[in-house]
Amino acid sequence: MNKKKVVVSLGHNALGYTTLEQWDAVKITAKALADLVEADYQLTITHSNGPQVSMIHKAMTELRRLYPGYTPAPMCVCSAMSQGYVGYDIQNALRTELLSRGIPKAVSTILTQVTVDPYDEAFYEPTKKIGRTMTEDEAKLELEKGNYVVEEPGKGFLRVVAAPRPIDIVEIDAIRTLADADQVVIACGGGGIPVIEQQHALKGASAVIEKDSIAARLASVMKVDQLIIYTDVPYVYKNFNTDSQEPITNMTISEAKAYIEEKQFGEGTMLPKIEAAIEYLTAVPTGSVLITSLDSTNEAIRGKVGTVITA
């Protein structure tokens, strides 16, 4: 029997928000991922990194403030650091869980770069808040360096960076090779390291790539059978958080677009996941998307829980 090839997208709830939370969270996440492996799914995993990359950026900025001899770490380096340590924790937790079930399967993390368009509109209107809260004087210094900041009323100022659309996944051949060898692959963590092509060189961009956007791109390029998006609820809902809340068990692209027109999905929560589903299914119309919670995995793969989206 051929394995079902899937891209699995993990959100903040799968990782926690601090180093200690992450150690505990990935053990739970590993159990759900191992359930998929036991069900004969071939996994390529991507994940968010918002709290992690922000923590690293804060630490590196503070290091530069206390020790002026140190060079501040650019966003691309902070992204690479977060990919490495989040991938390390997922990789080890999943390997441990698989071995405890008698499954000697290799799990690999690939440090992944993703090209972006330097003329993407997102660079002209950055919106992603990162790093620590700054004073007005510190914010002025950031502005002098050409960075963007926004004021948080009553708190101070935060740096903001762009969230451009992903174009190409630079290490896609390596990802495919390991996936075809039936290894579990962790790639494009935190959206991937955003880079801009300059002739033969890749230059890191001061940006982040949205996790749901890269999940759609990765699933499309690899032409997998299914994109699984984990969130903190077992279903996508109509009229979410109201008295008339209703789970959506199945929907098509056209129905999803109609729900978007009705503004059924939260802009910073469910909407990016639905848009990712549409992007993937447009590229791979024979595929399907499953949106559910980690703790619903066993029931979801039996078709008892979760929202399934098809072309």
# chains A, B, ... in the order shown; residues from 1 in each chain; ligands from 1
$ closest_atom_pairs --of "region 143-194 of chain A" --to "region 2-10 of chain A" --cutoff "12 Å" --atoms "only C-alpha atoms" --output "JSON lines"
{"residue": "A:Ile175", "atom": "CA", "partner": "A:Val7", "partner_atom": "CA", "distance": 11.5}
{"residue": "A:Arg176", "atom": "CA", "partner": "A:Lys5", "partner_atom": "CA", "distance": 11.2}
{"residue": "A:Ala179", "atom": "CA", "partner": "A:Lys5", "partner_atom": "CA", "distance": 8.7}
{"residue": "A:Asp180", "atom": "CA", "partner": "A:Lys5", "partner_atom": "CA", "distance": 9.5}
{"residue": "A:Ala181", "atom": "CA", "partner": "A:Lys3", "partner_atom": "CA", "distance": 11.7}
{"residue": "A:Asp182", "atom": "CA", "partner": "A:Lys3", "partner_atom": "CA", "distance": 9.0}
{"residue": "A:Gln183", "atom": "CA", "partner": "A:Lys5", "partner_atom": "CA", "distance": 11.3}
{"residue": "A:Val184", "atom": "CA", "partner": "A:Val7", "partner_atom": "CA", "distance": 10.3}
{"residue": "A:Val185", "atom": "CA", "partner": "A:Val7", "partner_atom": "CA", "distance": 9.5}
{"residue": "A:Ile186", "atom": "CA", "partner": "A:Val8", "partner_atom": "CA", "distance": 9.3}
{"residue": "A:Ala187", "atom": "CA", "partner": "A:Val7", "partner_atom": "CA", "distance": 9.9}
{"residue": "A:Cys188", "atom": "CA", "partner": "A:Ser9", "partner_atom": "CA", "distance": 10.1}
{"residue": "A:Gly189", "atom": "CA", "partner": "A:Leu10", "partner_atom": "CA", "distance": 9.4}
{"residue": "A:Gly190", "atom": "CA", "partner": "A:Leu10", "partner_atom": "CA", "distance": 9.7}
{"residue": "A:Gly191", "atom": "CA", "partner": "A:Ser9", "partner_atom": "CA", "distance": 10.3}
$ select_by_dssp --residues "region 153-288 of chain A" --states "helix (DSSP H, G or I)" --output "PyMOL selection string"
chain A and resi 172-180+189-191+211-222+253-261+271-283
$ write_last_selection --atoms "C-alpha atoms" --output "mmCIF file, in the first residue's frame"
data_model
loop_
_atom_site.group_PDB
_atom_site.id
_atom_site.type_symbol
_atom_site.label_atom_id
_atom_site.label_comp_id
_atom_site.auth_asym_id
_atom_site.auth_seq_id
_atom_site.Cartn_x
_atom_site.Cartn_y
_atom_site.Cartn_z
ATOM 1 C CA ILE A 172 13.260 21.788 -2.079
ATOM 2 C CA ASP A 173 15.374 19.092 -3.816
ATOM 3 C CA ALA A 174 16.899 18.035 -0.497
ATOM 4 C CA ILE A 175 13.463 18.014 1.156
ATOM 5 C CA ARG A 176 12.049 15.841 -1.650
ATOM 6 C CA THR A 177 14.997 13.435 -1.540
ATOM 7 C CA LEU A 178 14.581 12.768 2.185
ATOM 8 C CA ALA A 179 10.784 12.547 1.903
ATOM 9 C CA ASP A 180 11.096 10.071 -0.980
ATOM 10 C CA GLY A 189 10.304 26.315 9.894
ATOM 11 C CA GLY A 190 8.846 29.692 10.803
ATOM 12 C CA GLY A 191 8.040 30.270 7.139
ATOM 13 C CA LYS A 211 3.570 29.863 8.465
ATOM 14 C CA ASP A 212 0.271 29.116 6.707
ATOM 15 C CA SER A 213 1.530 30.690 3.485
ATOM 16 C CA ILE A 214 4.669 28.547 3.359
ATOM 17 C CA ALA A 215 2.675 25.427 4.283
ATOM 18 C CA ALA A 216 0.508 25.969 1.196
ATOM 19 C CA ARG A 217 3.561 26.579 -0.960
ATOM 20 C CA LEU A 218 5.415 23.515 0.349
ATOM 21 C CA ALA A 219 2.368 21.258 -0.112
ATOM 22 C CA SER A 220 1.808 22.620 -3.631
ATOM 23 C CA VAL A 221 5.398 22.195 -4.802
ATOM 24 C CA MET A 222 5.661 18.681 -3.355
ATOM 25 C CA ILE A 253 -13.104 25.985 -2.526
ATOM 26 C CA SER A 254 -16.215 27.827 -3.727
ATOM 27 C CA GLU A 255 -17.913 27.387 -0.349
ATOM 28 C CA ALA A 256 -14.763 28.551 1.425
ATOM 29 C CA LYS A 257 -14.678 31.683 -0.732
ATOM 30 C CA ALA A 258 -18.335 32.348 0.078
ATOM 31 C CA TYR A 259 -17.599 32.062 3.806
ATOM 32 C CA ILE A 260 -14.699 34.492 3.362
ATOM 33 C CA GLU A 261 -17.079 36.970 1.721
ATOM 34 C CA LEU A 271 -8.589 33.137 7.610
ATOM 35 C CA PRO A 272 -4.882 32.539 6.735
ATOM 36 C CA LYS A 273 -5.468 28.787 7.086
ATOM 37 C CA ILE A 274 -8.461 28.854 4.728
ATOM 38 C CA GLU A 275 -6.489 30.956 2.227
ATOM 39 C CA ALA A 276 -3.635 28.438 2.441
ATOM 40 C CA ALA A 277 -6.102 25.621 1.771
ATOM 41 C CA ILE A 278 -7.431 27.398 -1.321
ATOM 42 C CA GLU A 279 -3.911 28.063 -2.635
ATOM 43 C CA TYR A 280 -2.855 24.419 -2.223
ATOM 44 C CA LEU A 281 -6.065 22.956 -3.685
ATOM 45 C CA THR A 282 -5.869 25.297 -6.667
ATOM 46 C CA ALA A 283 -2.401 23.900 -7.407
#
$ atom_distance --atom1 "CA of Glu152 (chain A)" --atom2 "CA of Lys140 (chain A)"
14.6 Å
$ closest_residue --among "A:Met81, A:Val86, A:Ile193, A:Ala93" --to "Thr112 (chain A)" --atoms "only C-alpha atoms"
A:Ile193
$ residues_around --residues "Lys129 (chain A)" --least-positions-apart "5" --cutoff "7 Å" --atoms "only C-alpha atoms" --output "VMD selection string"
chain A and resid 158 to 161
$ write_last_selection --atoms "N, CA and C atoms" --output "mmCIF file, in the first residue's frame"
data_model
loop_
_atom_site.group_PDB
_atom_site.id
_atom_site.type_symbol
_atom_site.label_atom_id
_atom_site.label_comp_id
_atom_site.auth_asym_id
_atom_site.auth_seq_id
_atom_site.Cartn_x
_atom_site.Cartn_y
_atom_site.Cartn_z
ATOM 1 N N LEU A 158 7.567 49.181 19.250
ATOM 2 C CA LEU A 158 8.005 47.870 18.783
ATOM 3 C C LEU A 158 8.479 47.988 17.339
ATOM 4 N N ARG A 159 9.475 47.190 17.008
ATOM 5 C CA ARG A 159 9.894 47.119 15.615
ATOM 6 C C ARG A 159 8.898 46.265 14.841
ATOM 7 N N VAL A 160 8.650 46.622 13.585
ATOM 8 C CA VAL A 160 7.793 45.816 12.716
ATOM 9 C C VAL A 160 8.562 45.477 11.443
ATOM 10 N N VAL A 161 8.320 44.277 10.937
ATOM 11 C CA VAL A 161 8.971 43.844 9.695
ATOM 12 C C VAL A 161 7.913 43.368 8.709
#
$ residues_around --residues "Asn49 (chain A)" --least-positions-apart "3" --cutoff "12 Å" --atoms "only C-alpha atoms" --output "PyMOL selection string"
chain A and resi 9-19+22+46+52-57+78-87+130+188-193+208-212
$ residues_around --residues "Ala201 (chain A)" --least-positions-apart "6" --cutoff "12 Å" --atoms "only C-alpha atoms" --output "number ranges by chain"
A: 115, 170, 195
$ atom_distance --atom1 "CA of Val107 (chain A)" --atom2 "CA of Arg95 (chain A)"
6.3 Å
$ closest_residue --among "A:Gly146, A:Pro68, A:Pro51, A:Pro247" --to "Arg132 (chain A)" --atoms "only C-alpha atoms"
A:Pro51
$ select_by_dssp --residues "region 26-199 of chain A" --states "strand (DSSP E or B)" --output "PyMOL selection string"
chain A and resi 41-47+107-109+113-116+128-134+148-152+156-162+166-169+184-186+193-198
